[in-house]
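Peer 1: Supplied in structure tokens, the structure appears directly below.
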Amino acid sequence: MRTHTCGELNREKVGQIATLAGWVHRRRDHGGVIFIDLRDRYGLTQIKFNTDINKKAWEEADKLRSEWVIRVTGKILARPDNMINSKLKTGEIEMEVDELEILNKSKVLPFEIDEEKADEVNENLRLQYRFIDLRRSELQKFLELKANFFQHLRNYFRKQGFLEIQTPILANSSPEGARDFLVPSRLYPGKFYALPQAPQQFKQLLMVGGLDKYFQIAPCFRDEDPRMDRHYGEFYQLDMEMSFVTQEDIFAIMEPLMIELTEKFSNKKVVNLDENGRFRKISWKDAMTKYGVDKPDLRFDLEIVPISEMIADSGFSVFSDAIKKGGVVHAMKVDGGAKLSRKEIDELTELAKSKEAKGLAYIIIKDNGELQSPIVKFLGDDLAKKIVEKVEAKSGDIIFFGADSWRTVCASLGAVRNECAKKLGLKDNTKAAWCWVVDFPMYSYSEIEPGRIDFEHNPFSMPQGGMKTLQEKNPLEILAFQYDMILNGFEASSGAIRNHDPEIMYKAFEIAGYSKEQVDARFGALISAFQYGAPPHGGNAPGIDRILMVLCDLNSIRDIYAFPKDGRGRDLMMDSPGEIQPKQLVELGIELKK
RNA sequence: GCUCUGGUAGUUCAGCGGUCAGAACAAGACACUGUCAAUGUCUUAGUCCGGGGUUCAAAUCCCUGCCAGAGCACCA
């Protein structure tokens with residue numbers, strides 16, 4: 001049907017007869033001569049109709065409108081030297097059309113296909129007509145990049161002996177975690193499948209089955225409200241699991257891949273590796289203290305420093321009271337932060353308060369070295385100076401303080417740190433800072449039921465020290481072999497060395513308040529499997545969509561998908577979720593509440 | 001469920017108590033033989049999100065509903 005695409009004709013093809021097919025991108029009608037930019041996935045080619053040369057084709061071309069689909073045959077001509085368009089790959093040539101066939105017409109589009117205006121057009125309108133929006137080269141290029149990205153992942157793991165194995169989509173409801181998507185069973189009325197939130201249990205069962213190196217580009221389903229970095233309903237994880245490994249073995253597999261992906265698929269430079277070229281490893285506790293979050297953005301410094309000891313018996317009751325109540329005082333120096341306006345400091349204070357801090361004390365070091373602060377008069381000059389020395393602040397800096405329980409101080413200063421970096425332009429998009437956060441606590445106090453001990457992260461993780469620790473240590477002090485992979489302040493992946501021992505499993509759940517019977521009921525297959533020779537194993541599951549979004553600096557997670565859901569979980573193009581036939585409900589034994 | 005912001009032509013927006021609601025782009029017509037976001041002239045295009053209220057007068061102010069975006073709760 002066509003001999004070439006619209007992106008490949010060049011000076012070398014001059015004189016040849018070619019056939020192209022595509023969409024009328026733009027039309028420039030000069031009366032006796034009409035130029036049309038013909039567009040397909042590969043580019044634009046200028047085609048020309050001249051009334052003197054081919055009257056019939058020119059008359060046909062006069063009718064063409066935007067987005068009509070046509071096929072043209074003609075001779076490739078070199079453009080005159082002064083008519084070369086250096087913006088186009090095909091800008092040195094044009095086609096003199098002999099024959100024009102209109103393959104299909106188009107209505108006037110509901111919005112313009114224009115790269116520069118694309119971000120301005122209402123996203124819902126673009127989603128409703130996604131098939132038109134997909135004609136934009138930016139989206140097409142991105143889908144191509146994603147296809148290459150997936151291929152790279154597959155090649156990498158296959159080369160290292162991993163098997164790509166599909167786990168069920170129709171699975172079981174899992175009682176923990178996010179809301180499930182349920183699928184009613186026709187054969188067993190009243191019973192339901194659930195779409196998997198992650199293939200967690202299946203991949204562990206693969207390990208028990210002896211498939212010691214598994215990976216999958218796994219669809220995961222969670223019924224939780226979307227966020228800017230969280231697509232509604234379905235998303236993809238690069239799920240992987242290995243047997244007979246330590247945490248370090250997993251890191252050694254993942255790190256080179258992430259560095260390759262960064263170099264190959266983004267314009268970012270990998271920064272902040274350690275002296276051996278490996279990702280830095282930061283314990284959860286250090287990350288919380290120094291950066292105020294469990295997913296630190298290491299593109300910039302801004303470290304938070306504990307100063308509880310030096311401040312314990314200061315005259316400033318806000319600080320000393322916090323410590324008396326078992327809390328802490330932390331300080332954060334912000335280089336060049338003295339230029340923050342009064343209004344910006346007020347905004348940061350509000351931000352800190354939103355994380356339950358009672359306020360946000362600060363000291364500004366003015367250009368002449370003088371300290372400007374509402375709290376210096378309470379601290380006394382000597383102590384204030386000691387603090388300035390301790391955090392190594394200099395003229396032009398500002399120091400912020402948090403005084404409260406450890407968790408509150410971490411959360412509030414962490415939010416302030418992040419916002420300061422934004423305001424001071426420290427979030428450099430040409431950098432990719434990867435790291436691991438390790439040694440997550442196994443348990444914490446439940447946020448729903450005060451006083452109750454619950455799993456902090458993942459109940460399937462192996463507690464560090466095994467059974468002995470579970471029996472002897474304060475649960476709140478037990479660490480897990482649990483690690484998150486972080487990229488520029490985003491949680492790129494979560495993983496763990498798993499608990500593969502049924503006895504340790506029962507014990508771990510017992511501490512969180514689950515009886516043996518409850519564990520059997522909820523994780524029956526897994527716990528049963530562990531009694532038949534389960535190998536030690538571990539893995540992780542990077543969120544592919546989120547990594548691509550960060551690597552490619554996309555504004556929205558929706559740009560990753562060919563057919564995304566909107567901000568309310570709907571597909572505006574297909575109009576889903578939709579109504580179903582009453583007959584279907586009858587078959588399923590379901591009656592809708594009126 | 002909560003907080004903030006918004007809803008005016010096909011699209012993106014301006015107008016923020018006072019004549020018939022405007023611009024740009026898109027669309028249509030005409031002109032034009034070298035443009036490449038062609039150009040020039042003309043034309044078409046509106047339930048100012050719905051409902052209620054205040055006022056001599058409401059797109060504009062107030063109340064209410066609906067819709068959307070961002071954030072939060074949520075996401076083992």
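Naming works like this for the structure tokens: A, B, ... for the chains as they're shown, residue 1 at the start of each chain, ligands 1 onward in shown order.
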Dump as a list of chain:residue names the residues of chain B that approach chain A to within 10 Å, counting only C-alpha atoms (C1' of nucleotides).

Peer 2: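 Every residue of chain B that passes the 10 Å test is in B:G10, B:U11, B:U12, B:C25, B:A26, B:A27, B:A31, B:C32, B:U33, B:G34, B:U35, B:C36, B:A37, B:A38, B:U39, B:A68, B:G69, B:A70, B:G71, B:C72, B:C74, B:C75, B:A76.
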
Peer 1: Skipping near chain neighbours, those fewer than 5 positions away, what residues fall within 10 Å of Val438 in chain A using only C-alpha atoms (C1' of nucleotides), listed as a list in words?

Peer 2: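 Listed by chain and then number, they are Gln247, Lys281, Ile282, Ser283, Trp284, Lys285, Asp286, Ala287, Asp294, Leu479, Ala480, Phe481, Gln482, Tyr483, Asp484, Met485, Gly495 and Ala496 of chain A.
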
Peer 1: DSSP on the backbone, alpha helix (DSSP H) only: what residues of range 290-486 of chain A does that give? Format it as a PyMOL selection string.

Peer 2: chain A and resi 290-291+308-311+317-324+342-354+376-379+381-390+406-423+466-472

Peer 1: If you run DSSP over the backbone, which residues in range 61-123 of chain A end up strand (DSSP E)? Put them as a list in words.

Peer 2: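 Filtering range 61-123 of chain A to strand (DSSP E) leaves Val69, Ile70, Arg71, Val72, Thr73, Gly74, Lys75, Ile76, Leu77, Ala78, Ile93, Glu94, Met95, Glu96, Val97, Asp98, Glu99, Leu100, Glu101, Ile102, Leu103 and Asn104 of chain A.
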
Peer 1: Find the residues around G28 in chain B up to 12 Å (only C-alpha atoms (C1' of nucleotides) counted), leave out those fewer than 5 positions away in its own chain, and share them as a list in words.

Peer 2: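 Counting only C-alpha atoms (C1' of nucleotides), the residues come to Arg65 and Val108 of chain A; C42, U43, U44 and A45 of chain B.
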
Peer 1: Which residues, written as a PDB file with C-alpha atoms, in the first residue's frame, have at least one atom at most 7 Å from Pro502 in chain A, with only C-alpha atoms (C1' of nucleotides) counted and residues fewer than 3 positions away on the same chain left out?

Peer 2:
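Written out: out_10.pdb:
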```
ATOM      1  CA  MET A 505       5.758 -16.703  60.594  1.00  0.00           C
ATOM      2  CA  TYR A 506       3.246 -17.738  63.258  1.00  0.00           C
ATOM      3  CA  ILE A 527       1.900 -21.218  55.307  1.00  0.00           C
ATOM      4  CA  PHE A 530       6.396 -23.318  53.943  1.00  0.00           C
ATOM      5  CA  GLN A 531       5.957 -26.650  55.706  1.00  0.00           C
TER       6      GLN A 531
END
```

Peer 1: Quick one: of A:Pro542, A:Gly489, A:Gly277, A:Gly402, who's nearest to Asn418 in chain A, counting only C-alpha atoms?

Peer 2: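 Among the listed residues, A:Gly489 lies closest to Asn418 in chain A.
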
Peer 1: If we count only C-alpha atoms (C1' of nucleotides) and set the cut-off at 8 Å, which residues sit around range 46-56 of chain B, ignoring sequence neighbours fewer than 3 positions away in its own chain? Please answer as JSON, numbers by chain.

Peer 2: {"B": [7, 8, 9, 21, 59, 61, 62, 63, 64, 65, 66, 67]}

Peer 1: Skip range 41-43 of chain A itself and residues of its chain fewer than 2 positions away, then list as a compact mmCIF listing (two decimals) with C-alpha atoms, in the first residue's frame all residues within 9 Å of it, counting only C-alpha atoms (C1' of nucleotides).

Peer 2:
```txt
# COMPACT_ATOMS: atom_id res chain seq x y z
CA THR A 5 7.00 6.15 5.58
CA CYS A 6 6.76 9.90 6.04
CA GLY A 7 10.00 10.02 7.97
CA GLU A 8 12.48 8.30 5.69
CA GLY A 22 -0.90 9.20 6.23
CA LEU A 38 1.65 14.43 5.34
CA ARG A 39 2.04 12.82 8.75
CA THR A 45 6.80 14.82 4.42
CA LEU A 88 12.23 18.24 9.28
CA LYS A 89 14.17 15.04 8.71
CA THR A 90 12.65 15.06 5.24
CA ARG A 135 -1.59 11.01 17.06
CA ARG A 136 0.69 13.53 18.78
CA SER A 137 4.28 12.60 18.18
CA GLN A 140 3.86 8.15 20.17
CA LYS A 141 7.52 8.69 20.99
```

Peer 1: What is the distance, in Å and to one decimal place, between CA of Ala411 in chain A and CA of Cys435 in chain A?

Peer 2: 19.7 Å

Peer 1: If I take CA of Gly533 in chain A and CA of Pro219 in chain A, how far is one from the other in Å, to one decimal?

Peer 2: 28.8 Å

Peer 1: Report, in Å with one decimal, the straight-line distance from CA of Leu298 in chain A to CA of Glu255 in chain A.

Peer 2: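 Here the two named atoms are 16.1 Å from each other.
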